[in-house]
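Below is input_3.pdb, which holds PDB, C-alpha atoms, pLDDT in the B column.
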MODEL        1
ATOM      1  CA  MET S   1      46.938  90.996 163.782  1.00 58.00           C
ATOM      2  CA  ALA S   2      44.118  92.557 165.816  1.00 77.00           C
ATOM      3  CA  LEU S   3      43.707  91.604 169.449  1.00 86.00           C
ATOM      4  CA  ASP S   4      40.450  90.019 170.580  1.00 91.00           C
ATOM      5  CA  TRP S   5      39.798  92.347 173.498  1.00 94.00           C
ATOM      6  CA  SER S   6      36.589  90.457 174.297  1.00 94.00           C
ATOM      7  CA  GLN S   7      38.852  87.817 175.871  1.00 93.00           C
ATOM      8  CA  CYS S   8      40.418  90.311 178.307  1.00 95.00           C
ATOM      9  CA  PRO S   9      38.438  90.519 181.579  1.00 95.00           C
ATOM     10  CA  ALA S  10      39.914  93.943 182.441  1.00 96.00           C
ATOM     11  CA  VAL S  11      38.092  95.716 179.597  1.00 97.00           C
ATOM     12  CA  GLU S  12      34.616  96.131 178.151  1.00 97.00           C
ATOM     13  CA  SER S  13      32.941  97.589 175.101  1.00 97.00           C
ATOM     14  CA  ILE S  14      29.409  98.872 175.528  1.00 95.00           C
ATOM     15  CA  PRO S  15      27.526 100.441 172.615  1.00 94.00           C
ATOM     16  CA  GLY S  16      26.883 104.085 173.423  1.00 90.00           C
ATOM     17  CA  LYS S  17      29.675 104.244 176.025  1.00 91.00           C
ATOM     18  CA  VAL S  18      32.668 106.081 174.544  1.00 93.00           C
ATOM     19  CA  SER S  19      31.297 105.179 171.105  1.00 93.00           C
ATOM     20  CA  GLY S  20      31.701 101.477 171.826  1.00 94.00           C
ATOM     21  CA  ALA S  21      35.480 101.742 172.215  1.00 95.00           C
ATOM     22  CA  TRP S  22      37.259  99.229 174.430  1.00 97.00           C
ATOM     23  CA  VAL S  23      37.532 100.836 177.857  1.00 97.00           C
ATOM     24  CA  PHE S  24      38.755  99.669 181.230  1.00 97.00           C
ATOM     25  CA  ARG S  25      35.891  97.859 182.945  1.00 96.00           C
ATOM     26  CA  GLY S  26      33.780 100.224 185.029  1.00 93.00           C
ATOM     27  CA  THR S  27      35.395 103.359 183.563  1.00 95.00           C
ATOM     28  CA  ARG S  28      35.238 105.547 180.476  1.00 94.00           C
ATOM     29  CA  ILE S  29      39.028 105.315 180.001  1.00 97.00           C
ATOM     30  CA  PRO S  30      39.895 103.941 176.554  1.00 96.00           C
ATOM     31  CA  VAL S  31      42.464 101.156 176.442  1.00 97.00           C
ATOM     32  CA  SER S  32      44.118 103.013 173.579  1.00 96.00           C
ATOM     33  CA  ALA S  33      44.953 105.906 175.952  1.00 97.00           C
ATOM     34  CA  VAL S  34      47.354 103.658 177.840  1.00 97.00           C
ATOM     35  CA  PHE S  35      49.197 102.579 174.704  1.00 97.00           C
ATOM     36  CA  GLU S  36      49.358 106.152 173.388  1.00 97.00           C
ATOM     37  CA  ASN S  37      50.809 107.424 176.658  1.00 98.00           C
ATOM     38  CA  LEU S  38      53.306 104.573 176.908  1.00 97.00           C
ATOM     39  CA  GLU S  39      54.382 105.399 173.364  1.00 97.00           C
ATOM     40  CA  ASP S  40      54.908 108.998 174.497  1.00 98.00           C
ATOM     41  CA  GLY S  41      57.272 107.757 177.206  1.00 98.00           C
ATOM     42  CA  LEU S  42      55.058 107.865 180.300  1.00 98.00           C
ATOM     43  CA  THR S  43      55.341 105.173 182.941  1.00 97.00           C
ATOM     44  CA  ILE S  44      52.457 103.071 184.206  1.00 97.00           C
ATOM     45  CA  ASP S  45      52.464 105.029 187.468  1.00 97.00           C
ATOM     46  CA  GLU S  46      52.289 108.344 185.599  1.00 98.00           C
ATOM     47  CA  ILE S  47      49.391 107.060 183.511  1.00 97.00           C
ATOM     48  CA  THR S  48      47.411 105.847 186.532  1.00 97.00           C
ATOM     49  CA  ARG S  49      47.883 109.253 188.157  1.00 97.00           C
ATOM     50  CA  MET S  50      46.569 110.937 184.982  1.00 96.00           C
ATOM     51  CA  PHE S  51      43.377 108.886 184.831  1.00 96.00           C
ATOM     52  CA  ASP S  52      41.238 108.936 187.962  1.00 94.00           C
ATOM     53  CA  GLY S  53      39.939 105.452 188.720  1.00 93.00           C
ATOM     54  CA  LEU S  54      42.560 103.589 186.690  1.00 96.00           C
ATOM     55  CA  THR S  55      44.727 101.194 188.677  1.00 96.00           C
ATOM     56  CA  ARG S  56      48.163  99.785 188.049  1.00 96.00           C
ATOM     57  CA  GLU S  57      46.610  96.297 188.167  1.00 97.00           C
ATOM     58  CA  GLN S  58      44.197  97.169 185.339  1.00 97.00           C
ATOM     59  CA  VAL S  59      46.996  98.509 183.157  1.00 97.00           C
ATOM     60  CA  LYS S  60      49.168  95.476 183.925  1.00 97.00           C
ATOM     61  CA  ALA S  61      46.283  93.130 183.026  1.00 97.00           C
ATOM     62  CA  VAL S  62      45.856  94.828 179.642  1.00 97.00           C
ATOM     63  CA  LEU S  63      49.580  94.821 178.904  1.00 97.00           C
ATOM     64  CA  ASP S  64      49.893  91.171 179.915  1.00 96.00           C
ATOM     65  CA  PHE S  65      46.898  90.270 177.749  1.00 95.00           C
ATOM     66  CA  ALA S  66      48.391  92.093 174.757  1.00 94.00           C
ATOM     67  CA  ALA S  67      51.805  90.502 175.251  1.00 93.00           C
ATOM     68  CA  HIS S  68      50.403  86.971 175.544  1.00 91.00           C
ATOM     69  CA  SER S  69      48.044  87.503 172.599  1.00 87.00           C
ATOM     70  CA  LEU S  70      50.840  88.627 170.330  1.00 81.00           C
ATOM     71  CA  GLN S  71      53.228  85.807 171.140  1.00 80.00           C
ATOM     72  CA  ALA S  72      53.818  83.784 168.022  1.00 56.00           C
ATOM     73  CA  PRO S  73      52.655  80.178 168.311  1.00 65.00           C
ATOM     74  CA  ALA S  74      55.363  77.567 168.209  1.00 52.00           C
ATOM     75  CA  PRO S  75      56.017  76.401 164.655  1.00 55.00           C
ATOM     76  CA  THR S  76      54.548  73.023 163.815  1.00 61.00           C
ATOM     77  CA  ARG S  77      56.767  70.388 162.278  1.00 61.00           C
TER      78      ARG S  77
ENDMDL
END
As structure tokens, how would this structure be written, given the file I've shared?
Amino acid sequence: MALDWSQCPAVESIPGKVSGAWVFRGTRIPVSAVFENLEDGLTIDEITRMFDGLTREQVKAVLDFAAHSLQAPAPTR
């Protein structure tokens, strides 16, 4: 299931900006960079230190959005 990033206020996709990839609003930092670095074992604080202009709040907003988006809906009976 793909996430509908257009519903996350912390990110934006602008044609011609980082090839239209989803980036953190007001930056050129791809959302995917956070997930790749988390997968590599980095912490949120380490990631925000790596990317100038990225805040812990932005990363938390994206992670919260992803977690809530992927929650399975309650089964209907």
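Rounded to one decimal, atom CA of S:Ala66 and atom CA of S:Asn37 lie 15.6 Å from each other.
Atom pair atom CA of S:Ser19 / atom CA of S:Phe65: separated by 22.6 Å.
Using only C-alpha atoms for every distance, the candidate list S:Ile47, S:Val31, S:Leu42, S:Ala61 yields S:Ala61 as the residue closest to S:Ala10.
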Fill in: Selection dump of the PyMOL selection byres ((chain S and resi 23-30) around 12), as a PyMOL selection string
chain S and resi 5-6+8-22+31-37+47-48+50-62
Response to the item:
Pairwise distance, atom CA of S:Asp40 with atom CA of S:Leu63, equals 15.8 Å
